[in-house]
$ cat entry.cif   # mmCIF, C-alpha atoms and all ligand atoms
data_upload
#
loop_
_atom_site.group_PDB
_atom_site.id
_atom_site.type_symbol
_atom_site.label_atom_id
_atom_site.label_comp_id
_atom_site.auth_asym_id
_atom_site.auth_seq_id
_atom_site.Cartn_x
_atom_site.Cartn_y
_atom_site.Cartn_z
ATOM 1 C CA MET A 1 100.953 128.883 157.035
ATOM 2 C CA LYS A 2 98.181 127.172 158.903
ATOM 3 C CA LYS A 3 96.116 124.164 157.996
ATOM 4 C CA LEU A 4 92.355 124.760 157.899
ATOM 5 C CA LYS A 5 89.888 121.924 158.273
ATOM 6 C CA TYR A 6 86.496 121.899 156.538
ATOM 7 C CA GLU A 7 83.760 119.463 157.449
ATOM 8 C CA PHE A 8 80.516 118.351 155.881
ATOM 9 C CA SER A 9 77.562 116.372 157.148
ATOM 10 C CA VAL A 10 75.782 113.513 155.480
ATOM 11 C CA ASN A 11 72.638 111.690 156.578
ATOM 12 C CA GLU A 12 72.891 107.926 156.341
ATOM 13 C CA PHE A 13 69.937 105.540 156.086
ATOM 14 C CA GLU A 14 70.723 101.880 156.803
ATOM 15 C CA SER A 15 68.437 100.735 154.004
ATOM 16 C CA ILE A 16 65.673 101.911 151.668
ATOM 17 C CA ALA A 17 63.173 100.760 154.314
ATOM 18 C CA ASP A 18 64.368 103.599 156.587
ATOM 19 C CA VAL A 19 63.939 106.307 153.928
ATOM 20 C CA PRO A 20 60.690 108.369 154.071
ATOM 21 C CA GLU A 21 58.170 106.921 151.621
ATOM 22 C CA LYS A 22 58.049 109.855 149.193
ATOM 23 C CA ASP A 23 61.836 109.876 148.891
ATOM 24 C CA ALA A 24 61.916 106.091 148.463
ATOM 25 C CA ASP A 25 59.412 106.497 145.611
ATOM 26 C CA PHE A 26 61.688 108.996 143.863
ATOM 27 C CA ILE A 27 64.663 106.640 144.321
ATOM 28 C CA GLU A 28 62.601 103.910 142.665
ATOM 29 C CA MET A 29 61.768 106.335 139.842
ATOM 30 C CA ALA A 30 65.512 107.042 139.397
ATOM 31 C CA GLU A 31 66.170 103.292 139.202
ATOM 32 C CA LYS A 32 63.603 103.005 136.421
ATOM 33 C CA ALA A 33 65.204 105.934 134.560
ATOM 34 C CA GLN A 34 68.605 104.270 135.056
ATOM 35 C CA GLU A 35 67.447 101.209 133.155
ATOM 36 C CA LYS A 36 66.700 103.416 130.131
ATOM 37 C CA ALA A 37 70.248 104.889 130.055
ATOM 38 C CA TYR A 38 72.143 104.833 126.777
ATOM 39 C CA ALA A 39 75.502 103.561 127.974
ATOM 40 C CA PRO A 40 76.849 101.111 125.367
ATOM 41 C CA TYR A 41 80.471 102.181 125.891
ATOM 42 C CA SER A 42 80.817 102.091 129.663
ATOM 43 C CA ASN A 43 77.950 99.721 130.437
ATOM 44 C CA PHE A 44 77.590 101.841 133.566
ATOM 45 C CA LYS A 45 74.044 103.103 133.909
ATOM 46 C CA VAL A 46 73.055 106.106 136.005
ATOM 47 C CA GLY A 47 69.577 107.396 136.776
ATOM 48 C CA ALA A 48 68.503 110.743 138.193
ATOM 49 C CA VAL A 49 65.288 112.403 139.323
ATOM 50 C CA VAL A 50 64.872 116.074 140.136
ATOM 51 C CA VAL A 51 61.891 117.392 142.086
ATOM 52 C CA LEU A 52 60.891 121.030 141.644
ATOM 53 C CA ALA A 53 59.118 123.438 143.965
ATOM 54 C CA ASN A 54 56.103 123.535 141.622
ATOM 55 C CA GLY A 55 55.664 119.776 141.998
ATOM 56 C CA SER A 56 57.137 118.868 138.621
ATOM 57 C CA VAL A 57 59.399 115.838 138.504
ATOM 58 C CA TYR A 58 62.019 115.230 135.796
ATOM 59 C CA THR A 59 64.066 112.130 135.102
ATOM 60 C CA GLY A 60 67.441 111.714 133.422
ATOM 61 C CA ASN A 61 69.932 109.021 132.578
ATOM 62 C CA ASN A 62 73.402 109.006 131.079
ATOM 63 C CA GLN A 63 73.602 109.453 127.319
ATOM 64 C CA GLU A 64 76.874 108.293 125.795
ATOM 65 C CA ASN A 65 78.384 108.943 122.381
ATOM 66 C CA ALA A 66 80.962 107.245 120.144
ATOM 67 C CA ALA A 67 82.869 110.507 120.522
ATOM 68 C CA TYR A 68 83.151 109.915 124.266
ATOM 69 C CA PRO A 69 83.282 113.511 125.595
ATOM 70 C CA ASP A 70 80.038 114.309 123.786
ATOM 71 C CA GLY A 71 78.040 112.151 126.198
ATOM 72 C CA LEU A 72 76.288 113.605 129.226
ATOM 73 C CA CYS A 73 75.754 112.425 132.804
ATOM 74 C CA ALA A 74 72.312 111.475 134.092
ATOM 75 C CA GLU A 75 72.198 114.298 136.635
ATOM 76 C CA ARG A 76 72.805 116.994 134.043
ATOM 77 C CA VAL A 77 70.310 115.473 131.618
ATOM 78 C CA ALA A 78 67.680 115.666 134.395
ATOM 79 C CA ILE A 79 68.442 119.153 135.707
ATOM 80 C CA PHE A 80 68.833 120.671 132.235
ATOM 81 C CA LYS A 81 65.509 119.161 131.153
ATOM 82 C CA ALA A 82 63.917 120.542 134.328
ATOM 83 C CA SER A 83 65.411 124.009 133.959
ATOM 84 C CA ALA A 84 64.610 124.202 130.247
ATOM 85 C CA ASP A 85 60.915 123.635 130.954
ATOM 86 C CA ASN A 86 60.728 125.499 134.291
ATOM 87 C CA PRO A 87 63.075 128.483 134.240
ATOM 88 C CA GLY A 88 63.244 130.144 137.638
ATOM 89 C CA VAL A 89 61.505 127.305 139.509
ATOM 90 C CA ALA A 90 63.569 126.052 142.464
ATOM 91 C CA MET A 91 64.916 122.511 142.546
ATOM 92 C CA GLN A 92 64.265 120.847 145.881
ATOM 93 C CA SER A 93 65.912 117.472 145.636
ATOM 94 C CA VAL A 94 67.849 115.208 143.330
ATOM 95 C CA TYR A 95 67.887 111.403 143.553
ATOM 96 C CA ILE A 96 70.709 109.461 141.911
ATOM 97 C CA THR A 97 71.067 105.736 141.316
ATOM 98 C CA CYS A 98 73.646 103.756 139.378
ATOM 99 C CA THR A 99 74.816 100.301 138.390
ATOM 100 C CA GLU A 100 75.529 98.506 141.675
ATOM 101 C CA THR A 101 79.178 98.717 142.673
ATOM 102 C CA GLY A 102 78.838 98.024 146.375
ATOM 103 C CA GLY A 103 80.176 101.533 146.979
ATOM 104 C CA ILE A 104 78.983 105.119 147.162
ATOM 105 C CA CYS A 105 77.641 106.493 143.871
ATOM 106 C CA ALA A 106 78.251 110.227 144.177
ATOM 107 C CA PRO A 107 77.820 112.768 141.370
ATOM 108 C CA CYS A 108 80.965 113.677 139.448
ATOM 109 C CA GLY A 109 82.602 117.063 139.867
ATOM 110 C CA SER A 110 81.042 118.499 136.707
ATOM 111 C CA CYS A 111 77.553 117.527 137.884
ATOM 112 C CA ARG A 112 78.206 119.047 141.306
ATOM 113 C CA GLN A 113 79.230 122.281 139.608
ATOM 114 C CA ALA A 114 76.111 122.201 137.392
ATOM 115 C CA LEU A 115 73.875 121.551 140.414
ATOM 116 C CA MET A 116 75.639 124.323 142.348
ATOM 117 C CA GLU A 117 74.712 126.813 139.647
ATOM 118 C CA TYR A 118 71.012 126.275 140.341
ATOM 119 C CA GLU A 119 71.461 126.171 144.116
ATOM 120 C CA ASN A 120 73.197 129.551 143.975
ATOM 121 C CA LYS A 121 70.661 130.995 141.554
ATOM 122 C CA GLN A 122 67.631 129.971 143.601
ATOM 123 C CA GLY A 123 69.187 130.774 146.984
ATOM 124 C CA SER A 124 67.849 127.605 148.621
ATOM 125 C CA PRO A 125 69.469 124.209 149.141
ATOM 126 C CA ILE A 126 69.015 121.196 146.864
ATOM 127 C CA GLN A 127 69.035 117.868 148.715
ATOM 128 C CA VAL A 128 71.116 115.171 147.046
ATOM 129 C CA TRP A 129 70.232 111.495 147.606
ATOM 130 C CA ILE A 130 72.777 108.867 146.552
ATOM 131 C CA PRO A 131 73.421 105.156 147.008
ATOM 132 C CA GLY A 132 75.702 104.677 150.009
ATOM 133 C CA GLY A 133 76.904 101.191 149.124
ATOM 134 C CA ASN A 134 75.599 97.820 150.306
ATOM 135 C CA GLY A 135 71.988 98.994 150.366
ATOM 136 C CA LYS A 136 72.659 102.142 152.368
ATOM 137 C CA ILE A 137 71.296 105.503 151.209
ATOM 138 C CA LEU A 138 73.044 108.828 151.795
ATOM 139 C CA MET A 139 71.489 112.283 151.721
ATOM 140 C CA VAL A 140 73.322 115.589 151.808
ATOM 141 C CA GLU A 141 71.193 118.604 152.587
ATOM 142 C CA ALA A 142 72.796 120.936 150.070
ATOM 143 C CA VAL A 143 75.015 120.718 147.019
ATOM 144 C CA LYS A 144 77.457 123.129 148.643
ATOM 145 C CA ASP A 145 78.194 120.436 151.226
ATOM 146 C CA ILE A 146 79.770 118.241 148.552
ATOM 147 C CA LEU A 147 81.422 121.002 146.544
ATOM 148 C CA PRO A 148 83.830 122.969 148.676
ATOM 149 C CA PHE A 149 85.361 126.006 146.980
ATOM 150 C CA PRO A 150 82.961 126.037 144.025
ATOM 151 C CA PHE A 151 83.880 128.028 140.978
ATOM 152 C CA SER A 152 81.993 131.312 140.855
ATOM 153 C CA LEU A 153 82.311 134.525 138.879
ATOM 154 C CA LYS A 154 81.072 136.476 141.884
ATOM 155 C CA LYS A 155 83.059 137.500 144.938
HETATM 156 N N1 LIG B 1 78.066 109.276 134.855
HETATM 157 C C1 LIG B 1 76.906 109.882 135.231
HETATM 158 O O1 LIG B 1 75.864 109.731 134.579
HETATM 159 N N2 LIG B 1 76.924 110.645 136.350
HETATM 160 C C2 LIG B 1 78.037 110.919 137.086
HETATM 161 O O2 LIG B 1 77.966 111.681 138.033
HETATM 162 C C3 LIG B 1 79.306 110.270 136.748
HETATM 163 C C4 LIG B 1 79.310 109.382 135.569
HETATM 164 C C5 LIG B 1 78.069 108.481 133.627
HETATM 165 C C6 LIG B 1 78.928 109.017 132.521
HETATM 166 C C7 LIG B 1 79.214 107.789 131.704
HETATM 167 O O3 LIG B 1 78.142 107.581 130.794
HETATM 168 C C8 LIG B 1 79.194 106.653 132.722
HETATM 169 O O4 LIG B 1 78.569 107.185 133.890
HETATM 170 C C9 LIG B 1 80.561 106.133 133.086
HETATM 171 O O5 LIG B 1 81.395 107.145 133.468
#
$ encode --input "entry.cif" --output "structure tokens" --more "lines below"
Ligand code: THU
Amino acid sequence: MKKLKYEFSVNEFESIADVPEKDADFIEMAEKAQEKAYAPYSNFKVGAVVVLANGSVYTGNNQENAAYPDGLCAERVAIFKASADNPGVAMQSVYITCTETGGICAPCGSCRQALMEYENKQGSPIQVWIPGGNGKILMVEAVKDILPFPFSLKK
């Protein structure tokens, strides 16, 4: 037996002021979508924006349900909306915001898997922008960087 070590890289911006303007605008758009979340059970609001290669931009926010598992995360609302209207168009970047916790607000495992599906299908990376805590912003250059050993039906 030997222990293998896997690494991933993340780009850190000290504050929104350091983020390129177009990306900062999409983060602001995600914040606006976050405010429209339907989250009466958790009171935890999440916003998401996905930018497509054809220039289309889709927003999402978490949608909860009295039957808790029937709700859906903001990221999947956004990417499913985008894919439903633009089948076969590559996703370039996803911007996520959430109720301030002072910590990193990373997508859950199910959303990473859902994002990975499109990254694999399109054969090009999807950037993921997330709050890094205390005003910092983090950006990973591909979903695969935050989903080691993804589930796949292929070899
Ligand atoms: N949530 C998201 O929208 N995205 C995630 O990646 C994780 C969690 C939502 C689900 C639920 O409505 C609330 O946050 C609390 O878990």
$ resolve_selection --input "entry.cif" --expression "the PyMOL selection byres (((chain A and resi 28) around 12) and not hetatm)" --output "NGL selection string"
:A and (16 or 19 or 21-27 or 29-35 or 47-49 or 59 or 95-98 or 129-131)
$ closest_atom_pairs --input "entry.cif" --of "chain A" --to "ligand LIG 1 (chain B)" --cutoff "10 Å" --atoms "only C-alpha atoms and all ligand atoms" --output "JSON lines"
{"residue": "A:Gln34", "atom": "CA", "partner": "B:LIG1", "partner_atom": "O1", "distance": 9.1}
{"residue": "A:Ala37", "atom": "CA", "partner": "B:LIG1", "partner_atom": "O3", "distance": 8.4}
{"residue": "A:Tyr38", "atom": "CA", "partner": "B:LIG1", "partner_atom": "O3", "distance": 7.7}
{"residue": "A:Ala39", "atom": "CA", "partner": "B:LIG1", "partner_atom": "O3", "distance": 5.6}
{"residue": "A:Pro40", "atom": "CA", "partner": "B:LIG1", "partner_atom": "O3", "distance": 8.5}
{"residue": "A:Tyr41", "atom": "CA", "partner": "B:LIG1", "partner_atom": "O3", "distance": 7.7}
{"residue": "A:Ser42", "atom": "CA", "partner": "B:LIG1", "partner_atom": "C9", "distance": 5.3}
{"residue": "A:Asn43", "atom": "CA", "partner": "B:LIG1", "partner_atom": "C8", "distance": 7.4}
{"residue": "A:Phe44", "atom": "CA", "partner": "B:LIG1", "partner_atom": "C8", "distance": 5.1}
{"residue": "A:Lys45", "atom": "CA", "partner": "B:LIG1", "partner_atom": "O4", "distance": 6.1}
{"residue": "A:Val46", "atom": "CA", "partner": "B:LIG1", "partner_atom": "O1", "distance": 4.8}
{"residue": "A:Gly47", "atom": "CA", "partner": "B:LIG1", "partner_atom": "O1", "distance": 7.1}
{"residue": "A:Ala48", "atom": "CA", "partner": "B:LIG1", "partner_atom": "O1", "distance": 8.3}
{"residue": "A:Gly60", "atom": "CA", "partner": "B:LIG1", "partner_atom": "O1", "distance": 8.7}
{"residue": "A:Asn61", "atom": "CA", "partner": "B:LIG1", "partner_atom": "O1", "distance": 6.3}
{"residue": "A:Asn62", "atom": "CA", "partner": "B:LIG1", "partner_atom": "O1", "distance": 4.3}
{"residue": "A:Gln63", "atom": "CA", "partner": "B:LIG1", "partner_atom": "O3", "distance": 6.0}
{"residue": "A:Glu64", "atom": "CA", "partner": "B:LIG1", "partner_atom": "O3", "distance": 5.2}
{"residue": "A:Asn65", "atom": "CA", "partner": "B:LIG1", "partner_atom": "O3", "distance": 8.5}
{"residue": "A:Tyr68", "atom": "CA", "partner": "B:LIG1", "partner_atom": "O3", "distance": 8.6}
{"residue": "A:Pro69", "atom": "CA", "partner": "B:LIG1", "partner_atom": "C7", "distance": 9.3}
{"residue": "A:Asp70", "atom": "CA", "partner": "B:LIG1", "partner_atom": "O3", "distance": 9.9}
{"residue": "A:Gly71", "atom": "CA", "partner": "B:LIG1", "partner_atom": "O3", "distance": 6.5}
{"residue": "A:Leu72", "atom": "CA", "partner": "B:LIG1", "partner_atom": "C6", "distance": 6.2}
{"residue": "A:Cys73", "atom": "CA", "partner": "B:LIG1", "partner_atom": "O1", "distance": 3.2}
{"residue": "A:Ala74", "atom": "CA", "partner": "B:LIG1", "partner_atom": "O1", "distance": 4.0}
{"residue": "A:Glu75", "atom": "CA", "partner": "B:LIG1", "partner_atom": "N2", "distance": 6.0}
{"residue": "A:Arg76", "atom": "CA", "partner": "B:LIG1", "partner_atom": "O1", "distance": 7.9}
{"residue": "A:Val77", "atom": "CA", "partner": "B:LIG1", "partner_atom": "O1", "distance": 8.5}
{"residue": "A:Ile96", "atom": "CA", "partner": "B:LIG1", "partner_atom": "N2", "distance": 8.4}
{"residue": "A:Thr97", "atom": "CA", "partner": "B:LIG1", "partner_atom": "N2", "distance": 9.1}
{"residue": "A:Cys98", "atom": "CA", "partner": "B:LIG1", "partner_atom": "O1", "distance": 8.0}
{"residue": "A:Thr99", "atom": "CA", "partner": "B:LIG1", "partner_atom": "O4", "distance": 9.0}
{"residue": "A:Cys105", "atom": "CA", "partner": "B:LIG1", "partner_atom": "O2", "distance": 7.8}
{"residue": "A:Ala106", "atom": "CA", "partner": "B:LIG1", "partner_atom": "O2", "distance": 6.3}
{"residue": "A:Pro107", "atom": "CA", "partner": "B:LIG1", "partner_atom": "O2", "distance": 3.5}
{"residue": "A:Cys108", "atom": "CA", "partner": "B:LIG1", "partner_atom": "O2", "distance": 3.9}
{"residue": "A:Gly109", "atom": "CA", "partner": "B:LIG1", "partner_atom": "O2", "distance": 7.3}
{"residue": "A:Ser110", "atom": "CA", "partner": "B:LIG1", "partner_atom": "O2", "distance": 7.6}
{"residue": "A:Cys111", "atom": "CA", "partner": "B:LIG1", "partner_atom": "O2", "distance": 5.9}
{"residue": "A:Arg112", "atom": "CA", "partner": "B:LIG1", "partner_atom": "O2", "distance": 8.1}
$ write_last_selection --input "entry.cif" --atoms "C-alpha atoms" --output "short mmCIF file (atom, residue, chain, number, x, y, z; two decimals), keeping the file's coordinate frame"
data_model
loop_
_atom_site.label_atom_id
_atom_site.label_comp_id
_atom_site.auth_asym_id
_atom_site.auth_seq_id
_atom_site.Cartn_x
_atom_site.Cartn_y
_atom_site.Cartn_z
CA GLN A 34 68.60 104.27 135.06
CA ALA A 37 70.25 104.89 130.06
CA TYR A 38 72.14 104.83 126.78
CA ALA A 39 75.50 103.56 127.97
CA PRO A 40 76.85 101.11 125.37
CA TYR A 41 80.47 102.18 125.89
CA SER A 42 80.82 102.09 129.66
CA ASN A 43 77.95 99.72 130.44
CA PHE A 44 77.59 101.84 133.57
CA LYS A 45 74.04 103.10 133.91
CA VAL A 46 73.06 106.11 136.00
CA GLY A 47 69.58 107.40 136.78
CA ALA A 48 68.50 110.74 138.19
CA GLY A 60 67.44 111.71 133.42
CA ASN A 61 69.93 109.02 132.58
CA ASN A 62 73.40 109.01 131.08
CA GLN A 63 73.60 109.45 127.32
CA GLU A 64 76.87 108.29 125.80
CA ASN A 65 78.38 108.94 122.38
CA TYR A 68 83.15 109.92 124.27
CA PRO A 69 83.28 113.51 125.60
CA ASP A 70 80.04 114.31 123.79
CA GLY A 71 78.04 112.15 126.20
CA LEU A 72 76.29 113.60 129.23
CA CYS A 73 75.75 112.42 132.80
CA ALA A 74 72.31 111.48 134.09
CA GLU A 75 72.20 114.30 136.64
CA ARG A 76 72.81 116.99 134.04
CA VAL A 77 70.31 115.47 131.62
CA ILE A 96 70.71 109.46 141.91
CA THR A 97 71.07 105.74 141.32
CA CYS A 98 73.65 103.76 139.38
CA THR A 99 74.82 100.30 138.39
CA CYS A 105 77.64 106.49 143.87
CA ALA A 106 78.25 110.23 144.18
CA PRO A 107 77.82 112.77 141.37
CA CYS A 108 80.96 113.68 139.45
CA GLY A 109 82.60 117.06 139.87
CA SER A 110 81.04 118.50 136.71
CA CYS A 111 77.55 117.53 137.88
CA ARG A 112 78.21 119.05 141.31
#
$ resolve_selection --input "entry.cif" --expression "the PyMOL selection byres (((chain A and resi 137) around 7) and not hetatm)" --output "ChimeraX atom specification"
/A:12-16,130-132,135-136,138-139
$ resolve_selection --input "entry.cif" --expression "the PyMOL selection byres (((chain A and resi 93) around 8) and not hetatm)" --output "list in words"
Val50, Val51, Leu52, Met91, Gln92, Val94, Tyr95, Ile126, Gln127, Val128 and Trp129 of chain A
$ atom_distance --input "entry.cif" --atom1 "atom CA of Val143 of chain A" --atom2 "atom CA of Lys121 of chain A"
12.4 Å
$ axis_aligned_box --input "entry.cif" --around "segment 40-51 of chain A" --padding-each-side "5 Å" --output "lines of an AutoDock Vina configuration file"
center_x = 71.4
center_y = 108.6
center_z = 133.7
size_x = 28.9
size_y = 27.7
size_z = 26.7
$ atom_distance --input "entry.cif" --atom1 "atom CA of Ala82 of chain A" --atom2 "atom CA of Val57 of chain A"
7.7 Å
$ residues_around --input "entry.cif" --residues "Asn86 of chain A" --least-positions-apart "6" --cutoff "10 Å" --atoms "only C-alpha atoms" --output "ChimeraX atom specification"
/A:52,54,56,80
$ write_last_selection --input "entry.cif" --atoms "C-alpha atoms" --output "mmCIF file, in the coordinates of the input"
data_model
loop_
_atom_site.group_PDB
_atom_site.id
_atom_site.type_symbol
_atom_site.label_atom_id
_atom_site.label_comp_id
_atom_site.auth_asym_id
_atom_site.auth_seq_id
_atom_site.Cartn_x
_atom_site.Cartn_y
_atom_site.Cartn_z
ATOM 1 C CA LEU A 52 60.891 121.030 141.644
ATOM 2 C CA ASN A 54 56.103 123.535 141.622
ATOM 3 C CA SER A 56 57.137 118.868 138.621
ATOM 4 C CA PHE A 80 68.833 120.671 132.235
#
$ atom_distance --input "entry.cif" --atom1 "atom CA of Gly88 of chain A" --atom2 "atom CA of Leu153 of chain A"
19.6 Å
$ closest_residue --input "entry.cif" --among "A:Gly103, A:Ala114, A:Lys81, A:Pro125" --to "Val140 of chain A" --atoms "all atoms listed in the file"
A:Pro125
